[in-house]
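Dumped query_29.cif below, it's mmCIF, C-alpha atoms:
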data_data
#
loop_
_atom_site.label_atom_id
_atom_site.label_comp_id
_atom_site.auth_asym_id
_atom_site.auth_seq_id
_atom_site.Cartn_x
_atom_site.Cartn_y
_atom_site.Cartn_z
CA MET W 11 281.20 64.02 157.07
CA SER W 12 279.41 66.03 154.39
CA SER W 13 280.59 69.56 153.65
CA LEU W 14 277.32 70.90 155.04
CA LEU W 15 277.57 69.03 158.33
CA SER W 16 281.24 69.90 158.76
CA ARG W 17 280.15 73.54 159.07
CA TYR W 18 277.34 72.86 161.52
CA ALA W 19 278.18 69.74 163.55
CA GLU W 20 280.04 71.73 166.20
CA ALA W 21 277.17 74.18 166.66
CA ILE W 22 274.65 71.32 166.95
CA TYR W 23 276.83 69.52 169.50
CA TRP W 24 277.32 72.65 171.61
CA LEU W 25 273.71 73.74 171.38
CA ALA W 26 272.79 70.49 173.11
CA ARG W 27 275.54 70.82 175.71
CA TYR W 28 274.70 74.40 176.65
CA VAL W 29 270.98 73.74 177.14
CA GLU W 30 271.77 70.63 179.19
CA ARG W 31 274.30 72.64 181.21
CA ALA W 32 271.75 75.36 181.98
CA GLU W 33 269.17 72.81 183.10
CA ASN W 34 271.58 70.93 185.30
CA MET W 35 272.98 74.08 186.90
CA ALA W 36 269.39 74.95 187.80
CA ARG W 37 269.02 71.47 189.31
CA VAL W 38 272.19 71.81 191.41
CA LEU W 39 271.13 75.24 192.67
CA ASP W 40 267.66 73.88 193.39
CA VAL W 41 269.09 71.10 195.57
CA ASN W 42 271.26 73.61 197.38
CA GLU W 43 268.39 76.01 197.91
CA THR W 44 266.19 73.19 199.22
CA PHE W 45 268.81 72.26 201.79
CA SER W 46 269.27 75.87 202.83
CA ARG W 47 265.57 76.09 203.73
CA ASP W 48 265.91 73.21 206.19
CA SER W 49 266.26 74.67 209.67
CA GLN W 50 268.81 71.95 210.49
CA GLY W 51 270.71 72.25 207.25
CA GLY W 52 273.37 74.78 208.11
CA GLN W 53 273.77 75.37 204.39
CA ASN W 54 277.15 76.41 203.03
CA TRP W 55 276.76 78.11 199.65
CA ALA W 56 280.51 77.95 199.14
CA SER W 57 280.04 74.25 198.37
CA ILE W 58 278.63 75.11 194.95
CA ILE W 59 281.68 77.23 194.12
CA ALA W 60 283.97 74.36 195.15
CA LEU W 61 281.93 71.89 193.13
CA TYR W 62 282.67 73.79 189.91
CA SER W 63 286.20 74.94 190.92
CA ASP W 64 285.14 78.57 190.51
CA GLN W 65 286.83 79.97 193.63
CA ASP W 66 289.10 82.43 191.80
CA ALA W 67 286.42 83.69 189.42
CA PHE W 68 283.97 84.14 192.27
CA LYS W 69 286.45 86.06 194.46
CA GLU W 70 287.02 88.53 191.64
CA ARG W 71 283.35 89.48 191.78
CA HIS W 72 282.17 88.90 195.37
CA PRO W 73 283.83 89.22 198.79
CA GLU W 74 281.83 86.44 200.49
CA PRO W 75 279.87 83.38 199.26
CA THR W 76 276.48 84.50 200.53
CA ALA W 77 273.30 83.02 199.10
CA GLU W 78 272.62 86.24 197.19
CA ALA W 79 276.12 86.38 195.72
CA VAL W 80 276.26 82.72 194.68
CA LEU W 81 272.80 82.76 193.12
CA SER W 82 273.60 85.94 191.20
CA PHE W 83 276.95 84.50 190.06
CA TYR W 84 275.46 81.29 188.69
CA LEU W 85 272.18 82.65 187.37
CA LEU W 86 272.67 86.17 186.04
CA ASP W 87 276.39 86.95 185.67
CA ASP W 88 276.90 87.22 181.92
CA SER W 89 280.65 87.71 182.42
CA HIS W 90 280.91 84.25 184.00
CA PRO W 91 280.87 81.54 181.29
CA GLY W 92 279.43 79.00 183.73
CA SER W 93 276.30 80.99 184.56
CA ILE W 94 272.90 79.92 183.31
CA LEU W 95 272.51 83.21 181.45
CA SER W 96 275.81 82.62 179.64
CA SER W 97 274.84 79.05 178.78
CA VAL W 98 271.46 80.10 177.37
CA ARG W 99 273.12 82.92 175.43
CA ALA W 100 275.64 80.46 173.95
CA ALA W 101 272.85 78.01 173.06
CA ARG W 102 270.99 80.80 171.27
CA GLU W 103 274.08 81.86 169.32
CA ASN W 104 274.66 78.29 168.20
CA ALA W 105 271.00 78.11 167.19
CA ARG W 106 271.47 81.29 165.15
CA THR W 107 274.31 79.58 163.27
CA LEU W 108 272.00 76.61 162.70
CA ARG W 109 269.02 78.67 161.60
CA PRO W 110 268.86 77.03 158.11
CA LEU W 111 268.80 73.57 159.70
CA ILE W 112 266.52 73.84 162.73
CA SER W 113 262.79 74.32 162.98
CA THR W 114 261.16 77.69 163.51
CA GLU W 115 259.79 76.33 166.79
CA MET W 116 263.29 75.55 168.08
CA TRP W 117 264.57 79.01 167.21
CA VAL W 118 261.58 80.91 168.60
CA HIS W 119 261.66 79.00 171.87
CA LEU W 120 265.40 79.52 172.44
CA ASN W 121 265.17 83.18 171.51
CA THR W 122 262.25 83.70 173.91
CA PHE W 123 264.05 81.74 176.63
CA PHE W 124 267.15 83.91 176.32
CA ASN W 125 265.19 87.18 176.33
CA ARG W 126 263.35 86.14 179.48
CA MET W 127 266.61 85.11 181.15
CA ARG W 128 268.15 88.45 180.24
CA ALA W 129 265.17 90.23 181.79
CA LEU W 130 265.62 88.57 185.20
CA ARG W 131 266.74 90.88 188.00
CA GLY W 132 268.12 90.46 191.49
CA ASP W 133 264.67 90.19 193.04
CA ASP W 134 263.88 87.21 190.80
CA VAL W 135 266.81 85.23 192.17
CA ALA W 136 266.60 86.34 195.80
CA GLU W 137 266.71 83.32 198.07
CA GLU W 138 263.04 83.57 198.99
CA ARG W 139 261.95 83.63 195.32
CA VAL W 140 264.63 81.71 193.47
CA ALA W 141 262.81 78.34 193.58
CA ARG W 142 260.20 79.71 191.19
CA SER W 143 262.85 81.01 188.77
CA LEU W 144 264.75 77.72 188.86
CA ALA W 145 261.56 75.77 188.16
CA TRP W 146 260.88 77.98 185.15
CA ILE W 147 264.43 77.50 183.83
CA LYS W 148 264.17 73.72 184.12
CA GLU W 149 260.79 73.74 182.38
CA SER W 150 262.17 75.92 179.58
CA CYS W 151 265.09 73.55 179.02
CA GLN W 152 262.74 70.58 179.01
CA ALA W 153 260.49 72.36 176.51
CA HIS W 154 263.51 72.85 174.23
CA THR W 155 264.31 69.14 174.49
CA GLY W 156 260.74 68.22 173.59
CA ILE W 157 260.61 70.61 170.63
CA THR W 158 263.94 69.33 169.37
CA GLU W 159 262.87 65.71 169.76
CA GLY W 160 259.73 66.42 167.72
CA THR W 161 261.19 68.57 164.94
CA PHE W 162 264.90 67.90 164.38
CA TYR W 163 265.76 66.02 161.18
CA ARG W 164 267.36 62.61 161.85
CA ASP W 165 270.66 62.88 160.01
CA GLU W 166 274.26 63.10 161.27
CA GLY W 167 273.36 66.28 163.11
CA TRP W 168 270.92 64.42 165.35
CA TYR W 169 273.67 62.06 166.47
CA PHE W 170 275.95 64.97 167.32
CA TYR W 171 273.11 66.61 169.25
CA GLU W 172 272.38 63.51 171.33
CA MET W 173 276.08 62.85 171.88
CA GLY W 174 276.66 66.38 173.19
CA GLN W 175 273.62 66.19 175.44
CA ALA W 176 274.70 62.85 176.92
CA ILE W 177 278.31 63.90 177.55
CA GLU W 178 277.13 66.98 179.40
CA ARG W 179 274.43 65.11 181.31
CA ALA W 180 276.82 62.41 182.54
CA ASP W 181 279.17 65.05 183.91
CA GLN W 182 276.38 67.05 185.52
CA THR W 183 274.70 64.02 187.12
CA THR W 184 277.94 63.31 188.96
CA ARG W 185 277.98 66.90 190.21
CA LEU W 186 274.39 66.72 191.40
CA LEU W 187 275.24 63.57 193.34
CA ASP W 188 278.46 65.06 194.66
CA VAL W 189 276.82 68.24 195.94
CA LYS W 190 274.89 66.13 198.44
CA TYR W 191 277.25 63.32 199.33
CA HIS W 192 280.61 65.06 199.55
CA LEU W 193 279.85 68.69 200.29
CA LEU W 194 276.57 69.09 202.11
CA LEU W 195 276.22 66.35 204.71
CA PRO W 196 276.76 68.16 208.03
CA SER W 197 278.46 65.25 209.81
CA VAL W 198 278.95 61.50 209.69
CA ALA W 199 276.53 61.21 212.61
CA ASP W 200 273.72 62.45 210.35
CA VAL W 201 274.02 59.52 207.91
CA GLY W 202 270.65 57.74 207.87
CA SER W 203 268.94 60.46 209.89
CA PRO W 204 265.65 62.09 208.81
CA LEU W 205 267.69 65.08 207.62
CA ASP W 206 269.94 62.85 205.54
CA LEU W 207 266.99 61.02 203.98
CA SER W 208 265.14 64.22 203.19
CA GLN W 209 268.21 65.53 201.38
CA TRP W 210 268.55 62.36 199.29
CA ASN W 211 264.86 62.74 198.50
CA ALA W 212 265.59 66.26 197.24
CA VAL W 213 268.49 65.03 195.10
CA LEU W 214 266.28 62.43 193.42
CA ARG W 215 263.53 64.95 192.80
CA SER W 216 265.99 67.46 191.37
CA ALA W 217 267.31 64.77 189.05
CA ALA W 218 263.69 64.08 188.00
CA GLY W 219 264.25 60.55 189.29
CA TYR W 220 262.17 60.28 192.44
CA HIS W 221 259.22 58.40 190.95
CA ALA W 222 261.44 56.17 188.83
CA PHE W 223 263.48 55.34 191.93
CA ARG W 224 260.35 54.50 193.89
CA ARG W 225 259.22 52.09 191.16
CA ILE W 226 262.20 49.85 191.93
CA HIS W 227 262.51 50.76 195.64
CA PRO W 228 258.96 51.28 196.95
CA SER W 229 260.25 51.54 200.51
CA GLY W 230 263.60 52.31 202.02
CA MET W 231 265.94 55.04 200.80
CA THR W 232 269.65 54.54 201.46
CA VAL W 233 272.83 56.15 200.22
CA ALA W 234 273.78 52.97 198.40
CA ARG W 235 270.44 52.67 196.62
CA VAL W 236 270.36 56.30 195.47
CA ALA W 237 273.98 56.23 194.33
CA ASP W 238 273.42 52.93 192.52
CA PHE W 239 270.35 54.36 190.78
CA LEU W 240 272.01 57.59 189.60
CA LEU W 241 275.26 55.90 188.60
CA PHE W 242 274.38 52.44 187.29
CA ASN W 243 270.68 52.09 186.43
CA ARG W 244 270.55 52.05 182.62
CA ARG W 245 266.76 52.36 182.54
CA PHE W 246 266.95 55.85 184.03
CA PRO W 247 267.98 58.26 181.23
CA ARG W 248 269.89 60.60 183.54
CA SER W 249 272.06 57.91 185.09
CA VAL W 250 275.75 58.02 184.29
CA SER W 251 275.65 54.54 182.75
CA ALA W 252 272.72 55.42 180.48
CA CYS W 253 274.49 58.59 179.33
CA VAL W 254 277.79 56.80 178.65
CA ASP W 255 275.91 54.16 176.64
CA THR W 256 274.24 56.89 174.60
CA VAL W 257 277.56 58.58 173.77
CA ASN W 258 279.03 55.22 172.76
CA ASP W 259 276.02 54.31 170.60
CA ARG W 260 275.85 57.67 168.81
CA LEU W 261 279.58 57.79 168.17
CA THR W 262 279.54 54.22 166.86
CA ALA W 263 276.60 55.07 164.56
CA LEU W 264 278.41 58.12 163.17
CA ARG W 265 281.33 55.88 162.24
CA SER W 266 279.39 52.89 160.92
CA ARG W 267 276.31 54.49 159.35
CA TYR W 268 277.91 57.65 157.96
CA GLY W 269 281.48 56.50 157.48
CA LEU W 270 283.11 59.13 159.68
CA LYS W 271 286.72 58.32 160.46
CA GLY W 272 287.19 60.07 163.82
CA GLY W 273 286.18 59.05 167.31
CA GLY W 274 288.30 55.93 167.71
CA MET W 275 290.20 57.11 170.77
CA ALA W 276 287.01 58.48 172.34
CA LEU W 277 285.41 55.04 171.92
CA GLU W 278 288.42 53.42 173.58
CA ARG W 279 288.06 55.76 176.55
CA LEU W 280 284.32 55.04 176.70
CA ASP W 281 285.05 51.31 176.74
CA GLU W 282 287.24 51.83 179.81
CA VAL W 283 284.51 53.81 181.57
CA ARG W 284 281.83 51.28 180.67
CA ALA W 285 283.98 48.42 181.98
CA VAL W 286 284.24 50.17 185.35
CA LEU W 287 280.53 51.01 185.44
CA ASP W 288 279.65 47.41 184.58
CA ASN W 289 281.90 45.80 187.17
CA GLU W 290 282.18 48.16 190.13
CA PRO W 291 279.55 47.39 192.81
CA VAL W 292 278.14 50.42 194.57
CA ASP W 293 279.20 49.17 198.01
CA ARG W 294 282.82 49.16 196.92
CA VAL W 295 282.45 52.62 195.36
CA LEU W 296 281.13 53.95 198.66
CA ALA W 297 283.81 52.17 200.68
CA GLN W 298 286.63 53.54 198.52
CA GLY W 299 285.13 57.03 198.25
CA LEU W 300 282.15 58.19 196.22
CA HIS W 301 283.60 61.66 195.70
CA GLU W 302 286.79 60.21 194.22
CA PHE W 303 284.77 57.95 191.92
CA LEU W 304 282.63 60.86 190.75
CA ASP W 305 285.73 62.96 190.16
CA TRP W 306 287.23 60.17 188.05
CA ILE W 307 284.08 59.96 185.91
CA GLN W 308 284.12 63.73 185.39
CA LEU W 309 287.72 63.57 184.17
CA GLN W 310 286.94 60.71 181.78
CA MET W 311 283.98 62.56 180.27
CA LEU W 312 286.08 65.71 179.90
CA ASP W 313 288.62 63.62 178.04
CA VAL W 314 285.95 62.04 175.82
CA GLY W 315 284.64 65.52 174.99
CA SER W 316 288.14 66.71 174.14
CA LEU W 317 288.78 63.72 171.86
CA VAL W 318 285.44 64.24 170.08
CA GLY W 319 286.35 67.91 169.65
CA ARG W 320 289.78 67.04 168.28
CA ASP W 321 288.53 64.49 165.75
CA PHE W 322 285.47 66.32 164.49
CA PHE W 323 285.94 70.03 165.24
CA GLY W 324 289.72 70.49 165.08
CA TYR W 325 290.34 71.24 168.77
CA GLN W 326 293.72 70.89 170.42
CA VAL W 327 293.58 68.16 173.09
CA PRO W 328 295.24 69.07 176.41
CA GLU W 329 297.98 66.81 177.68
CA THR W 330 295.94 65.52 180.63
CA PRO W 331 292.18 65.21 181.26
CA ALA W 332 292.54 67.33 184.39
CA ALA W 333 293.73 70.23 182.25
CA THR W 334 290.87 69.92 179.80
CA ALA W 335 289.08 73.21 179.24
CA VAL W 336 285.44 73.30 178.26
CA GLN W 337 285.41 73.73 174.50
CA GLY W 338 283.06 76.12 172.80
CA GLN W 339 283.36 78.81 175.47
CA SER W 340 285.28 81.24 173.31
#

Output the file's structure in the form of structure tokens.
Amino acid sequence: MSSLLSRYAEAIYWLARYVERAENMARVLDVNETFSRDSQGGQNWASIIALYSDQDAFKERHPEPTAEAVLSFYLLDDSHPGSILSSVRAARENARTLRPLISTEMWVHLNTFFNRMRALRGDDVAEERVARSLAWIKESCQAHTGITEGTFYRDEGWYFYEMGQAIERADQTTRLLDVKYHLLLPSVADVGSPLDLSQWNAVLRSAAGYHAFRRIHPSGMTVARVADFLLFNRRFPRSVSACVDTVNDRLTALRSRYGLKGGGMALERLDEVRAVLDNEPVDRVLAQGLHEFLDWIQLQMLDVGSLVGRDFFGYQVPETPAATAVQGQS
């Protein structure tokens, strides 16, 4: 790695992860909010807190997991590192570090995005108005992705950017799928019901995958088909398989094209994940437990992120994937 990139690779990698994290948090909240508007939904906002294992942090700030409290916690709480505001702030600070390397358009957009996020108030994220705010956040993240795609110089930094984005996206896609399948289905009796199908429809739309899904499944929406699409369909860029392939390809290119020595153990872990994704039929995943499968993928991607951080950024790798802390938060 060149001396220049060694100073900036970490910031590039985390810039991508934080923007992706903000967008996907908005998507998870959007799914949850959609379900809560269904008169039959019986929405439980505590499911989001459980999904991100934030029970202790939430209890320190709010007595009950009401819609207002959860939305405020994940959108506007700048003391919570998992909030969208905190993620956008962190992305902007990484962009500031990268100012000599990124385009003026990238910097101006992220700076404007952060200032608008900081200006949001409780009324903007009230349950009856939050859909509009979430739509704007997703659009702002997508605009950043488009600007970056069109202006970022294609050197080592680009590979670190795409690798960070894909690691984060793989993890977050599993959470979007899990929020519906494991946490929000009211009862087993509702499987296949109009309520169940409408919720899967909302998951696909929130993953920006509805129209792509319909291209291969013009009629008939089932749990197996949606799970197969979001987990295994390599032609859909937000699927877990597509994201894992991207991480593998970018890490391999950094080693072969630029002669970087690190990343060997991360590639070994990716090979294990890809072998499972290539050979595990969706019916068996569902029979053995989709939540457990999603949890396993999350742990593997946390481990891959830790190994990348160790080899390229000097992080200390925890003893077990389950103990892995999100790097770059401090």

Radius query 9 Å about (275.0, 58.0, 177.0), atoms used: all atoms listed in the file, as a list of chain:residue names: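 These residues have at least one counted atom within 9 Å: W:Glu172, W:Met173, W:Gln175, W:Ala176, W:Ile177, W:Arg179, W:Ala180, W:Pro247, W:Arg248, W:Ser249, W:Val250, W:Ser251, W:Ala252, W:Cys253, W:Val254, W:Asp255, W:Thr256, W:Val257, W:Asn258, W:Asp259, W:Arg260.
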
Pairwise distance for CA of Pro110 in chain W and CA of Trp146 in chain W, rounded to one decimal in Å: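 Spanning CA of Pro110 in chain W to CA of Trp146 in chain W is a straight-line distance of 28.2 Å.
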
Hits from the PyMOL selection byres ((chain W and resi 117) around 12), listed as a list in words: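 Evaluating the PyMOL selection byres ((chain W and resi 117) around 12) on this file yields Leu25, Ala101, Arg102, Glu103, Asn104, Ala105, Arg106, Thr107, Leu108, Arg109, Pro110, Leu111, Ile112, Ser113, Thr114, Glu115, Met116, Val118, His119, Leu120, Asn121, Thr122, Phe123, Phe124, His154, Ile157, Thr158, Thr161 and Phe162 of chain W.
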
Polymer residues at most 8 Å from Leu61 in chain W, all atoms listed in the file, same-chain spacing of 6 or more positions, as an MDAnalysis selection string: chainID W and resid 185 188:189

Print the selection's residues with C-alpha atoms to a file, as a PDB file, in the frame of the given file.
ATOM      1  CA  ARG W 185     277.980  66.900 190.210  1.00  0.00           C
ATOM      2  CA  ASP W 188     278.460  65.060 194.660  1.00  0.00           C
ATOM      3  CA  VAL W 189     276.820  68.240 195.940  1.00  0.00           C
TER       4      VAL W 189
END

Name the residues captured by the PyMOL selection byres ((chain W and resi 318) around 12) when it is applied to the shown file; answer as a compact mmCIF listing (two decimals) with C-alpha atoms, keeping the file's coordinate frame.
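Written out: part.txt:
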# COMPACT_ATOMS: atom_id res chain seq x y z
CA ALA W 19 278.18 69.74 163.55
CA GLU W 20 280.04 71.73 166.20
CA TYR W 23 276.83 69.52 169.50
CA TRP W 24 277.32 72.65 171.61
CA PHE W 170 275.95 64.97 167.32
CA MET W 173 276.08 62.85 171.88
CA GLY W 174 276.66 66.38 173.19
CA ILE W 177 278.31 63.90 177.55
CA VAL W 257 277.56 58.58 173.77
CA ASN W 258 279.03 55.22 172.76
CA ARG W 260 275.85 57.67 168.81
CA LEU W 261 279.58 57.79 168.17
CA LEU W 264 278.41 58.12 163.17
CA LEU W 270 283.11 59.13 159.68
CA LYS W 271 286.72 58.32 160.46
CA GLY W 272 287.19 60.07 163.82
CA GLY W 273 286.18 59.05 167.31
CA GLY W 274 288.30 55.93 167.71
CA MET W 275 290.20 57.11 170.77
CA ALA W 276 287.01 58.48 172.34
CA LEU W 277 285.41 55.04 171.92
CA GLU W 278 288.42 53.42 173.58
CA ARG W 279 288.06 55.76 176.55
CA LEU W 280 284.32 55.04 176.70
CA MET W 311 283.98 62.56 180.27
CA LEU W 312 286.08 65.71 179.90
CA ASP W 313 288.62 63.62 178.04
CA VAL W 314 285.95 62.04 175.82
CA GLY W 315 284.64 65.52 174.99
CA SER W 316 288.14 66.71 174.14
CA LEU W 317 288.78 63.72 171.86
CA GLY W 319 286.35 67.91 169.65
CA ARG W 320 289.78 67.04 168.28
CA ASP W 321 288.53 64.49 165.75
CA PHE W 322 285.47 66.32 164.49
CA PHE W 323 285.94 70.03 165.24
CA GLY W 324 289.72 70.49 165.08
CA TYR W 325 290.34 71.24 168.77
CA GLN W 326 293.72 70.89 170.42
CA VAL W 327 293.58 68.16 173.09
CA GLN W 337 285.41 73.73 174.50

Contacts of Ser89 in chain W at 12 Å (only C-alpha atoms; same-chain gap of 3+ positions) as a list in words: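 That gives Ala67, Phe68, Glu70, Arg71, Ser82, Phe83, Tyr84, Leu85, Leu86, Gly92, Ser93, Ile94, Leu95, Ser96, Ser97, Arg99 and Gln339 of chain W.
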
Can you turn the PyMOL selection byres ((chain W and resi 31) around 8) into a concrete residue list for this file, as a PDB file with C-alpha atoms, in the coordinates of the input?
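Output (expr-v4.pdb):
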ATOM      1  CA  ARG W  27     275.540  70.820 175.710  1.00  0.00           C
ATOM      2  CA  TYR W  28     274.700  74.400 176.650  1.00  0.00           C
ATOM      3  CA  VAL W  29     270.980  73.740 177.140  1.00  0.00           C
ATOM      4  CA  GLU W  30     271.770  70.630 179.190  1.00  0.00           C
ATOM      5  CA  ALA W  32     271.750  75.360 181.980  1.00  0.00           C
ATOM      6  CA  GLU W  33     269.170  72.810 183.100  1.00  0.00           C
ATOM      7  CA  ASN W  34     271.580  70.930 185.300  1.00  0.00           C
ATOM      8  CA  MET W  35     272.980  74.080 186.900  1.00  0.00           C
ATOM      9  CA  ILE W  94     272.900  79.920 183.310  1.00  0.00           C
ATOM     10  CA  SER W  97     274.840  79.050 178.780  1.00  0.00           C
ATOM     11  CA  GLU W 178     277.130  66.980 179.400  1.00  0.00           C
ATOM     12  CA  ARG W 179     274.430  65.110 181.310  1.00  0.00           C
ATOM     13  CA  GLN W 182     276.380  67.050 185.520  1.00  0.00           C
TER      14      GLN W 182
END

Point-to-point distance from CA of Asp181 in chain W to CA of Gln308 in chain W, Å rounded to tenths: 5.3 Å

Coordinates-based distance that separates CA of Arg235 in chain W from CA of Leu207 in chain W (Å, one decimal):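 Separation between CA of Leu207 in chain W and CA of Arg235 in chain W: 11.7 Å.
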
Nearest candidate to Gln152 in chain W (options W:Leu214, W:Ala26, W:Ala129, W:Pro75; using all atoms listed in the file):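 Among the listed residues, W:Ala26 lies closest to Gln152 in chain W.
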
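Minimum atom-to-atom distances from W:Leu240, W:Ala100, W:Ala36, W:Leu15 to Val135 in chain W were compared using only C-alpha atoms, and the lowest value belongs to W:Ala36.
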
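The residue set within 8 Å of Phe223 in chain W, counting all atoms listed in the file and dropping same-chain residues fewer than 3 places from it, reads Leu214, Gly219, Tyr220, Ile226, His227, Pro228, Val236 and Phe239 of chain W.
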
Pick from W:Phe246, W:Asp238, W:Asp281, W:Asn54, whichever lies nearest to Val295 in chain W using all atoms listed in the file: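 For Val295 in chain W, the nearest of the candidates is W:Asp238.
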
Residue with smallest distance to Glu302 in chain W - pool W:Glu78, W:Glu149, W:Thr184, W:Ala212, counting only C-alpha atoms: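 Using only C-alpha atoms, the shortest distance to Glu302 in chain W belongs to W:Thr184.
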
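Nearest residue to Arg128 in chain W among W:Leu309, W:Arg294, W:Asp87, W:Asp288 is W:Asp87, counting all atoms listed in the file.
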